[in-house]
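Engineer: Quick one, model15.pdb (PDB, C-alpha atoms, pLDDT in the B column):
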```
ATOM      1  CA  MET A   1       0.000   0.000   0.000  1.00 36.00           C
ATOM      2  CA  ARG A   2       1.337   3.420  -0.974  1.00 37.00           C
ATOM      3  CA  MET A   3       0.984   5.857   1.871  1.00 39.00           C
ATOM      4  CA  THR A   4       0.203   9.512   1.222  1.00 38.00           C
ATOM      5  CA  ARG A   5       2.614  11.774   3.078  1.00 39.00           C
ATOM      6  CA  PRO A   6       0.871  13.777   5.865  1.00 39.00           C
ATOM      7  CA  ARG A   7       3.207  16.794   5.271  1.00 43.00           C
ATOM      8  CA  THR A   8       4.624  15.924   8.218  1.00 45.00           C
ATOM      9  CA  LEU A   9       3.941  14.447  11.602  1.00 43.00           C
ATOM     10  CA  LEU A  10       5.890  17.369  12.978  1.00 44.00           C
ATOM     11  CA  ALA A  11       4.033  19.910  10.853  1.00 44.00           C
ATOM     12  CA  ALA A  12       0.688  18.446  11.866  1.00 43.00           C
ATOM     13  CA  ILE A  13       1.642  19.063  15.460  1.00 44.00           C
ATOM     14  CA  VAL A  14       3.288  22.448  15.119  1.00 42.00           C
ATOM     15  CA  LEU A  15       1.328  24.196  12.385  1.00 40.00           C
ATOM     16  CA  GLY A  16      -1.984  23.870  14.136  1.00 38.00           C
ATOM     17  CA  ILE A  17      -1.079  26.056  17.079  1.00 36.00           C
ATOM     18  CA  LEU A  18      -0.247  29.292  15.286  1.00 34.00           C
ATOM     19  CA  VAL A  19      -2.054  32.504  16.198  1.00 33.00           C
ATOM     20  CA  GLN A  20      -1.501  36.262  16.104  1.00 32.00           C
ATOM     21  CA  PRO A  21       1.121  37.190  18.729  1.00 35.00           C
ATOM     22  CA  SER A  22       0.960  39.890  21.363  1.00 37.00           C
ATOM     23  CA  VAL A  23       3.999  40.405  23.539  1.00 38.00           C
ATOM     24  CA  GLY A  24       2.456  42.633  26.170  1.00 39.00           C
ATOM     25  CA  GLY A  25       2.281  39.809  28.711  1.00 44.00           C
ATOM     26  CA  GLY A  26       6.002  39.037  28.514  1.00 62.00           C
ATOM     27  CA  VAL A  27       7.746  35.833  27.501  1.00 84.00           C
ATOM     28  CA  PRO A  28       6.385  32.791  29.356  1.00 87.00           C
ATOM     29  CA  PHE A  29       9.138  30.398  28.207  1.00 89.00           C
ATOM     30  CA  GLU A  30      12.877  30.242  28.826  1.00 90.00           C
ATOM     31  CA  VAL A  31      16.006  28.310  27.943  1.00 94.00           C
ATOM     32  CA  GLY A  32      15.815  24.719  29.145  1.00 95.00           C
ATOM     33  CA  GLU A  33      12.122  24.168  28.527  1.00 95.00           C
ATOM     34  CA  LYS A  34      11.386  20.906  26.694  1.00 96.00           C
ATOM     35  CA  LEU A  35       8.043  19.304  25.829  1.00 96.00           C
ATOM     36  CA  THR A  36       7.758  15.666  24.738  1.00 97.00           C
ATOM     37  CA  PHE A  37       4.719  14.242  22.919  1.00 96.00           C
ATOM     38  CA  ALA A  38       3.580  10.750  22.024  1.00 96.00           C
ATOM     39  CA  VAL A  39       2.223  10.728  18.459  1.00 93.00           C
ATOM     40  CA  LYS A  40      -0.380   8.330  17.100  1.00 91.00           C
ATOM     41  CA  PHE A  41      -1.499   7.763  13.528  1.00 86.00           C
ATOM     42  CA  GLY A  42      -5.001   6.428  14.033  1.00 84.00           C
ATOM     43  CA  PHE A  43      -4.638   3.731  16.697  1.00 85.00           C
ATOM     44  CA  ILE A  44      -0.996   3.036  15.832  1.00 86.00           C
ATOM     45  CA  LYS A  45       1.797   4.390  17.991  1.00 89.00           C
ATOM     46  CA  ALA A  46       3.618   6.416  15.383  1.00 91.00           C
ATOM     47  CA  GLY A  47       6.425   8.236  17.140  1.00 94.00           C
ATOM     48  CA  ILE A  48       7.785  10.838  19.525  1.00 95.00           C
ATOM     49  CA  ALA A  49       7.948  14.604  18.978  1.00 94.00           C
ATOM     50  CA  THR A  50       9.781  17.212  21.037  1.00 95.00           C
ATOM     51  CA  MET A  51       9.792  20.993  21.233  1.00 94.00           C
ATOM     52  CA  GLU A  52      12.458  22.849  23.178  1.00 96.00           C
ATOM     53  CA  VAL A  53      14.094  26.186  23.852  1.00 96.00           C
ATOM     54  CA  ARG A  54      17.671  24.964  23.400  1.00 95.00           C
ATOM     55  CA  ASP A  55      19.676  28.128  24.109  1.00 95.00           C
ATOM     56  CA  VAL A  56      20.200  31.803  23.248  1.00 96.00           C
ATOM     57  CA  VAL A  57      22.596  32.665  20.402  1.00 97.00           C
ATOM     58  CA  ASP A  58      23.868  35.735  18.574  1.00 97.00           C
ATOM     59  CA  PHE A  59      22.784  35.960  14.924  1.00 96.00           C
ATOM     60  CA  ASN A  60      23.725  38.976  12.806  1.00 92.00           C
ATOM     61  CA  GLY A  61      23.902  41.128  15.916  1.00 92.00           C
ATOM     62  CA  ARG A  62      20.544  39.908  17.230  1.00 94.00           C
ATOM     63  CA  ARG A  63      20.127  37.967  20.442  1.00 96.00           C
ATOM     64  CA  CYS A  64      17.875  35.024  19.518  1.00 97.00           C
ATOM     65  CA  TYR A  65      16.141  32.078  21.116  1.00 97.00           C
ATOM     66  CA  ARG A  66      17.133  28.848  19.362  1.00 97.00           C
ATOM     67  CA  LEU A  67      13.958  26.791  19.117  1.00 97.00           C
ATOM     68  CA  ILE A  68      14.195  23.160  18.050  1.00 96.00           C
ATOM     69  CA  SER A  69      11.461  20.679  17.259  1.00 94.00           C
ATOM     70  CA  GLU A  70      12.084  17.087  16.243  1.00 94.00           C
ATOM     71  CA  ALA A  71       9.924  14.127  15.324  1.00 93.00           C
ATOM     72  CA  ARG A  72      10.892  10.513  14.894  1.00 94.00           C
ATOM     73  CA  SER A  73       8.812   7.474  14.121  1.00 93.00           C
ATOM     74  CA  THR A  74       9.021   4.408  16.337  1.00 93.00           C
ATOM     75  CA  MET A  75       8.359   0.716  15.832  1.00 92.00           C
ATOM     76  CA  PRO A  76       6.205  -0.703  14.337  1.00 90.00           C
ATOM     77  CA  PHE A  77       5.307   2.464  12.399  1.00 89.00           C
ATOM     78  CA  SER A  78       8.885   2.847  11.141  1.00 91.00           C
ATOM     79  CA  LEU A  79       8.641  -0.478   9.319  1.00 90.00           C
ATOM     80  CA  PHE A  80       6.437   1.042   6.620  1.00 87.00           C
ATOM     81  CA  PHE A  81       6.919   4.798   7.084  1.00 89.00           C
ATOM     82  CA  GLU A  82      10.053   6.142   8.747  1.00 92.00           C
ATOM     83  CA  VAL A  83      10.084   9.752   9.951  1.00 91.00           C
ATOM     84  CA  ARG A  84      13.179  11.716  10.986  1.00 94.00           C
ATOM     85  CA  ASP A  85      12.347  15.444  11.063  1.00 94.00           C
ATOM     86  CA  HIS A  86      14.366  18.322  12.481  1.00 95.00           C
ATOM     87  CA  VAL A  87      13.103  21.916  12.471  1.00 95.00           C
ATOM     88  CA  GLU A  88      14.998  24.863  13.922  1.00 97.00           C
ATOM     89  CA  SER A  89      14.054  28.518  14.311  1.00 97.00           C
ATOM     90  CA  LEU A  90      15.966  31.561  15.518  1.00 98.00           C
ATOM     91  CA  MET A  91      13.528  34.011  17.092  1.00 97.00           C
ATOM     92  CA  ASP A  92      14.609  37.535  18.011  1.00 96.00           C
ATOM     93  CA  SER A  93      14.412  37.689  21.818  1.00 94.00           C
ATOM     94  CA  ALA A  94      13.427  41.379  21.828  1.00 93.00           C
ATOM     95  CA  TYR A  95      10.823  41.515  19.052  1.00 93.00           C
ATOM     96  CA  LEU A  96       9.822  37.827  19.079  1.00 92.00           C
ATOM     97  CA  TYR A  97       9.785  37.317  15.320  1.00 94.00           C
ATOM     98  CA  SER A  98      11.664  34.855  13.142  1.00 96.00           C
ATOM     99  CA  VAL A  99      15.039  35.702  11.612  1.00 98.00           C
ATOM    100  CA  ARG A 100      16.098  32.241  10.407  1.00 98.00           C
ATOM    101  CA  TYR A 101      14.272  28.974   9.759  1.00 97.00           C
ATOM    102  CA  GLU A 102      15.710  25.579   8.840  1.00 96.00           C
ATOM    103  CA  LYS A 103      14.088  22.212   8.239  1.00 94.00           C
ATOM    104  CA  ARG A 104      15.557  18.798   7.491  1.00 95.00           C
ATOM    105  CA  LEU A 105      12.817  16.314   6.689  1.00 92.00           C
ATOM    106  CA  LYS A 106      12.982  12.585   6.025  1.00 92.00           C
ATOM    107  CA  GLU A 107       9.604  10.885   5.701  1.00 87.00           C
ATOM    108  CA  GLY A 108       9.564   7.578   3.937  1.00 89.00           C
ATOM    109  CA  SER A 109      11.130   8.159   0.520  1.00 91.00           C
ATOM    110  CA  TYR A 110      10.553  11.908   0.766  1.00 90.00           C
ATOM    111  CA  GLN A 111      13.417  14.179   1.844  1.00 92.00           C
ATOM    112  CA  LYS A 112      13.687  17.941   1.941  1.00 91.00           C
ATOM    113  CA  ASN A 113      16.216  20.382   3.377  1.00 94.00           C
ATOM    114  CA  GLU A 114      15.562  24.102   3.426  1.00 94.00           C
ATOM    115  CA  VAL A 115      16.932  27.275   4.987  1.00 97.00           C
ATOM    116  CA  VAL A 116      15.123  30.637   4.985  1.00 97.00           C
ATOM    117  CA  LEU A 117      16.453  33.964   6.275  1.00 98.00           C
ATOM    118  CA  PHE A 118      13.935  36.634   7.244  1.00 98.00           C
ATOM    119  CA  ASP A 119      15.078  40.210   6.718  1.00 97.00           C
ATOM    120  CA  GLN A 120      12.608  41.900   9.048  1.00 96.00           C
ATOM    121  CA  ASP A 121      13.896  45.371   8.141  1.00 95.00           C
ATOM    122  CA  ARG A 122      13.296  44.954   4.388  1.00 97.00           C
ATOM    123  CA  HIS A 123      10.305  42.603   4.889  1.00 97.00           C
ATOM    124  CA  VAL A 124      11.565  39.789   2.655  1.00 98.00           C
ATOM    125  CA  ALA A 125      12.238  36.049   2.964  1.00 98.00           C
ATOM    126  CA  LEU A 126      15.631  35.109   1.483  1.00 98.00           C
ATOM    127  CA  TYR A 127      16.269  31.657  -0.033  1.00 97.00           C
ATOM    128  CA  PRO A 128      19.696  30.118  -0.854  1.00 96.00           C
ATOM    129  CA  ASP A 129      18.968  30.183  -4.612  1.00 96.00           C
ATOM    130  CA  GLY A 130      18.715  33.978  -4.510  1.00 96.00           C
ATOM    131  CA  VAL A 131      14.926  34.231  -4.496  1.00 97.00           C
ATOM    132  CA  GLU A 132      13.497  37.043  -2.344  1.00 97.00           C
ATOM    133  CA  ILE A 133       9.815  36.960  -1.421  1.00 98.00           C
ATOM    134  CA  PRO A 134       8.046  39.993   0.127  1.00 98.00           C
ATOM    135  CA  THR A 135       6.621  39.242   3.577  1.00 98.00           C
ATOM    136  CA  PRO A 136       4.335  41.061   6.022  1.00 96.00           C
ATOM    137  CA  ASP A 137       5.809  43.059   8.863  1.00 94.00           C
ATOM    138  CA  GLY A 138       6.829  40.800  11.767  1.00 94.00           C
ATOM    139  CA  VAL A 139       6.237  37.591   9.825  1.00 95.00           C
ATOM    140  CA  GLN A 140       6.717  34.258  11.595  1.00 91.00           C
ATOM    141  CA  ASP A 141       7.796  30.774  10.574  1.00 91.00           C
ATOM    142  CA  VAL A 142       5.775  27.749  11.670  1.00 86.00           C
ATOM    143  CA  LEU A 143       7.899  27.034  14.743  1.00 89.00           C
ATOM    144  CA  SER A 144       8.499  30.575  16.037  1.00 90.00           C
ATOM    145  CA  SER A 145       4.744  31.157  15.817  1.00 80.00           C
ATOM    146  CA  LEU A 146       4.094  28.383  18.303  1.00 79.00           C
ATOM    147  CA  TYR A 147       6.161  30.160  20.935  1.00 86.00           C
ATOM    148  CA  TYR A 148       4.886  33.594  19.952  1.00 81.00           C
ATOM    149  CA  VAL A 149       1.263  32.598  20.578  1.00 78.00           C
ATOM    150  CA  ARG A 150       2.041  31.742  24.158  1.00 81.00           C
ATOM    151  CA  THR A 151       2.216  35.456  24.993  1.00 76.00           C
ATOM    152  CA  LEU A 152      -1.448  35.931  24.020  1.00 77.00           C
ATOM    153  CA  ASN A 153      -4.495  36.593  26.147  1.00 82.00           C
ATOM    154  CA  LEU A 154      -7.029  34.278  24.495  1.00 84.00           C
ATOM    155  CA  ARG A 155     -10.753  34.824  24.913  1.00 91.00           C
ATOM    156  CA  VAL A 156     -13.468  32.253  24.305  1.00 94.00           C
ATOM    157  CA  GLY A 157     -15.622  33.111  21.308  1.00 94.00           C
ATOM    158  CA  GLU A 158     -13.012  35.329  19.663  1.00 91.00           C
ATOM    159  CA  SER A 159     -10.619  34.708  16.780  1.00 88.00           C
ATOM    160  CA  VAL A 160      -6.965  35.689  16.528  1.00 82.00           C
ATOM    161  CA  PHE A 161      -4.711  35.908  13.473  1.00 86.00           C
ATOM    162  CA  ILE A 162      -1.081  35.396  12.485  1.00 84.00           C
ATOM    163  CA  LYS A 163       1.151  36.396   9.572  1.00 90.00           C
ATOM    164  CA  ASN A 164       3.061  33.253   8.633  1.00 91.00           C
ATOM    165  CA  HIS A 165       5.497  32.311   5.856  1.00 93.00           C
ATOM    166  CA  ALA A 166       6.245  28.742   4.741  1.00 89.00           C
ATOM    167  CA  ASP A 167       7.320  27.021   1.510  1.00 88.00           C
ATOM    168  CA  ARG A 168       7.820  30.342  -0.315  1.00 93.00           C
ATOM    169  CA  LYS A 169       4.311  31.567   0.439  1.00 92.00           C
ATOM    170  CA  ASN A 170       2.630  33.833   2.980  1.00 93.00           C
ATOM    171  CA  TYR A 171      -0.175  32.124   4.887  1.00 86.00           C
ATOM    172  CA  PRO A 172      -2.804  34.137   6.776  1.00 82.00           C
ATOM    173  CA  LEU A 173      -4.192  31.973   9.559  1.00 77.00           C
ATOM    174  CA  GLU A 174      -7.266  32.420  11.729  1.00 81.00           C
ATOM    175  CA  VAL A 175      -7.539  30.622  15.051  1.00 79.00           C
ATOM    176  CA  LYS A 176     -10.914  30.299  16.739  1.00 87.00           C
ATOM    177  CA  VAL A 177     -10.970  30.042  20.531  1.00 90.00           C
ATOM    178  CA  LEU A 178     -13.790  27.558  21.092  1.00 94.00           C
ATOM    179  CA  ARG A 179     -14.028  26.869  24.825  1.00 96.00           C
ATOM    180  CA  VAL A 180     -12.218  26.102  28.088  1.00 97.00           C
ATOM    181  CA  GLU A 181     -11.843  22.437  28.970  1.00 97.00           C
ATOM    182  CA  THR A 182      -9.936  20.374  31.538  1.00 98.00           C
ATOM    183  CA  VAL A 183      -8.004  17.425  30.113  1.00 97.00           C
ATOM    184  CA  GLU A 184      -5.823  14.728  31.636  1.00 97.00           C
ATOM    185  CA  VAL A 185      -2.743  13.466  29.774  1.00 96.00           C
ATOM    186  CA  PRO A 186       0.298  11.441  30.912  1.00 97.00           C
ATOM    187  CA  ALA A 187       2.068  14.679  31.912  1.00 96.00           C
ATOM    188  CA  GLY A 188      -0.777  15.720  34.212  1.00 96.00           C
ATOM    189  CA  ARG A 189      -4.165  17.405  34.431  1.00 97.00           C
ATOM    190  CA  PHE A 190      -4.557  20.840  32.818  1.00 97.00           C
ATOM    191  CA  GLU A 191      -7.231  23.485  32.309  1.00 97.00           C
ATOM    192  CA  CYS A 192      -6.953  24.459  28.651  1.00 96.00           C
ATOM    193  CA  PHE A 193      -8.200  26.708  25.916  1.00 93.00           C
ATOM    194  CA  VAL A 194      -9.491  24.609  23.023  1.00 93.00           C
ATOM    195  CA  VAL A 195      -8.628  26.258  19.716  1.00 88.00           C
ATOM    196  CA  GLU A 196      -9.204  25.507  16.037  1.00 88.00           C
ATOM    197  CA  PRO A 197      -6.888  26.901  13.338  1.00 78.00           C
ATOM    198  CA  ILE A 198      -8.283  27.720   9.895  1.00 77.00           C
ATOM    199  CA  LEU A 199      -5.953  28.418   6.983  1.00 60.00           C
ATOM    200  CA  LYS A 200      -6.990  31.182   4.597  1.00 52.00           C
ATOM    201  CA  ALA A 201      -4.733  29.908   1.818  1.00 42.00           C
ATOM    202  CA  SER A 202      -3.968  26.543   0.262  1.00 36.00           C
ATOM    203  CA  GLY A 203      -2.033  24.362   2.653  1.00 34.00           C
ATOM    204  CA  ILE A 204      -2.004  21.292   4.815  1.00 32.00           C
ATOM    205  CA  PHE A 205      -5.405  21.495   6.484  1.00 33.00           C
ATOM    206  CA  GLN A 206      -7.552  23.528   4.090  1.00 37.00           C
ATOM    207  CA  HIS A 207     -10.671  21.530   3.145  1.00 37.00           C
ATOM    208  CA  LYS A 208      -8.939  18.364   4.320  1.00 48.00           C
ATOM    209  CA  GLY A 209     -10.024  17.988   7.900  1.00 57.00           C
ATOM    210  CA  ARG A 210     -10.240  19.626  11.291  1.00 75.00           C
ATOM    211  CA  LEU A 211      -7.497  20.275  13.795  1.00 81.00           C
ATOM    212  CA  THR A 212      -8.177  20.858  17.478  1.00 88.00           C
ATOM    213  CA  VAL A 213      -5.523  21.998  19.936  1.00 87.00           C
ATOM    214  CA  TRP A 214      -5.519  22.219  23.728  1.00 94.00           C
ATOM    215  CA  LEU A 215      -3.319  25.024  25.190  1.00 92.00           C
ATOM    216  CA  THR A 216      -2.924  25.499  28.927  1.00 93.00           C
ATOM    217  CA  LYS A 217      -5.078  28.373  30.125  1.00 92.00           C
ATOM    218  CA  ASN A 218      -2.477  29.584  32.613  1.00 89.00           C
ATOM    219  CA  PRO A 219       1.177  30.472  31.874  1.00 84.00           C
ATOM    220  CA  PRO A 220       3.351  29.170  30.337  1.00 87.00           C
ATOM    221  CA  HIS A 221       0.527  28.334  27.859  1.00 87.00           C
ATOM    222  CA  PHE A 222       2.115  25.246  26.330  1.00 90.00           C
ATOM    223  CA  PRO A 223       0.305  22.714  24.088  1.00 93.00           C
ATOM    224  CA  VAL A 224      -1.052  19.680  25.918  1.00 95.00           C
ATOM    225  CA  MET A 225      -2.916  17.769  23.240  1.00 94.00           C
ATOM    226  CA  MET A 226      -3.530  17.970  19.475  1.00 90.00           C
ATOM    227  CA  LYS A 227      -6.000  16.023  17.355  1.00 89.00           C
ATOM    228  CA  SER A 228      -6.297  16.259  13.575  1.00 83.00           C
ATOM    229  CA  LYS A 229      -8.392  14.432  10.997  1.00 75.00           C
ATOM    230  CA  ILE A 230      -6.804  14.337   7.546  1.00 67.00           C
ATOM    231  CA  VAL A 231      -7.623  12.619   4.270  1.00 63.00           C
ATOM    232  CA  ILE A 232      -5.809   9.394   5.090  1.00 66.00           C
ATOM    233  CA  GLY A 233      -6.816   9.084   8.753  1.00 72.00           C
ATOM    234  CA  SER A 234      -6.104  10.961  11.951  1.00 81.00           C
ATOM    235  CA  ILE A 235      -3.076  12.200  13.860  1.00 86.00           C
ATOM    236  CA  SER A 236      -3.004  12.876  17.578  1.00 91.00           C
ATOM    237  CA  ALA A 237      -0.332  13.954  20.035  1.00 93.00           C
ATOM    238  CA  VAL A 238      -0.428  14.066  23.834  1.00 96.00           C
ATOM    239  CA  LEU A 239       2.057  15.569  26.243  1.00 97.00           C
ATOM    240  CA  ILE A 240       3.931  12.833  28.115  1.00 97.00           C
ATOM    241  CA  LYS A 241       6.687  14.919  29.697  1.00 96.00           C
ATOM    242  CA  LYS A 242       7.430  18.573  30.358  1.00 94.00           C
ATOM    243  CA  VAL A 243      10.688  20.046  31.584  1.00 93.00           C
ATOM    244  CA  VAL A 244      10.094  23.625  32.709  1.00 85.00           C
ATOM    245  CA  PRO A 245      12.959  25.524  34.395  1.00 85.00           C
ATOM    246  CA  GLY A 246      12.195  26.110  38.050  1.00 73.00           C
ATOM    247  CA  GLU A 247       9.739  23.243  38.382  1.00 72.00           C
ATOM    248  CA  LYS A 248      10.573  20.373  40.744  1.00 58.00           C
ATOM    249  CA  GLY A 249       9.951  16.666  40.578  1.00 47.00           C
ATOM    250  CA  GLU A 250      10.368  16.059  36.832  1.00 46.00           C
ATOM    251  CA  GLU A 251       9.982  12.419  35.887  1.00 44.00           C
ATOM    252  CA  ASP A 252      12.502  10.383  33.930  1.00 40.00           C
ATOM    253  CA  GLU A 253      12.548  10.418  30.145  1.00 41.00           C
ATOM    254  CA  PRO A 254       9.651   8.212  28.909  1.00 39.00           C
ATOM    255  CA  ARG A 255      10.558   4.910  27.335  1.00 35.00           C
TER     256      ARG A 255
END
```
Could you write out this file's structure as structure tokens?

Structural biologist:
Amino acid sequence: MRMTRPRTLLAAIVLGILVQPSVGGGVPFEVGEKLTFAVKFGFIKAGIATMEVRDVVDFNGRRCYRLISEARSTMPFSLFFEVRDHVESLMDSAYLYSVRYEKRLKEGSYQKNEVVLFDQDRHVALYPDGVEIPTPDGVQDVLSSLYYVRTLNLRVGESVFIKNHADRKNYPLEVKVLRVETVEVPAGRFECFVVEPILKASGIFQHKGRLTVWLTKNPPHFPVMMKSKIVIGSISAVLIKKVVPGEKGEEDEPR
């Protein structure tokens, strides 16, 4: 059976949590934070995904958070569809927008490597082949947006928006805040905002299914659970471990 690529397990997790940022509430994350998710494709244990604030680096005179997200398939899923994805974003620590984005994807027979530089002064995305694409002011990549949204004050019944750039295109995205709900996952019990992202341009989820995301209502507003129905089935991810600087009693790495 030929399996249609879900454009990726990692993207399905990350892309669905993007909303219009507002930095008035400060930055609720810091270096050393790491979130680990168990990923399922339907009822099959598909893999593990992580999101972390690895460190702070200097890039072209800007002090930046280095954000890293990785996904890997596990047995038995790897037998017929192996995933090894690495995505990295440099996010300006003062203005909280993206200045560099890199992805290295390996999903079955599909492979793709890409680097994008964001010139936020000239409002362009720069690609290694010399292509420059105009972008909105303060544009985000798919990973930096995840961390940017965590500064928001969400309100039930309202929608928020983000200016996002991916795959040489600008993607307006609306996120509806549906309700508040308490959920229990392996990492604990959390009161969450339940949100639904809706792409306004062609992309992964447009007319192909519904994605629902649970974000903790209280700081640091991290994702707890994601569920998505796509053409070839469903993808879900639940938080199994969180390492948050300053918290005590963290459990061992899940097996």

Engineer: Which residue out of A:Arg66, A:Lys229, A:Arg179, A:Arg72 has the minimum interatomic distance to Leu90 of chain A when all atoms listed in the file are used?

Structural biologist: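 When distances to Leu90 of chain A are compared using all atoms listed in the file, the smallest one comes from A:Arg66.
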
Engineer: For Val87 of chain A, please output as a list in words all residues within 10 Å (counting all atoms listed in the file; exclusion window: fewer than 4 positions along the same chain).

Structural biologist: Leu10, Ala11, Met51, Leu67, Ile68, Ser69, Glu70, Ala71, Tyr101, Glu102, Lys103, Arg104, Leu105, Asn113, Glu114, Val115, Val142 and Leu143 of chain A

Engineer: With the PyMOL selection byres ((chain A and resi 98) around 9) as the selection, what would be picked from this file? Answer as number ranges by chain, please.

Structural biologist: A: 64, 89-92, 95-97, 99-101, 117-118, 120, 138-141, 143-145

Engineer: Grab the atom CA of Glu191 of chain A to atom CA of Thr36 of chain A distance for me, in Å with one decimal place.

Structural biologist: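 Separating atom CA of Glu191 of chain A from atom CA of Thr36 of chain A is a distance of 18.5 Å.
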
Engineer: In Å to one decimal, how far is atom CA of Cys192 of chain A from atom CA of Val238 of chain A?

Structural biologist: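 Going from atom CA of Val238 of chain A over to atom CA of Cys192 of chain A, I get 13.2 Å.
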
Engineer: Here is a test: counting all atoms listed in the file, which residue of A:Pro76, A:Glu33, A:Ile48, A:Arg54 is nearest to Leu239 of chain A?

Structural biologist: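 Nearest to Leu239 of chain A: A:Ile48.
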
Engineer: Tell me which protein, DNA and RNA residues are within 9 Å of Phe43 of chain A, counting all atoms listed in the file, leaving out same-chain ones fewer than 3 positions away, and put them as a PyMOL selection string.

Structural biologist: chain A and resi 40+46+234

Engineer: Let me make sure I understand: among A:Asp129, A:Glu82, A:Glu184, A:Glu196, which one has the smallest atom-to-atom distance to Gly157 of chain A if we use only C-alpha atoms?

Structural biologist: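 Among A:Asp129, A:Glu82, A:Glu184, A:Glu196, it is A:Glu196 that comes nearest to Gly157 of chain A.
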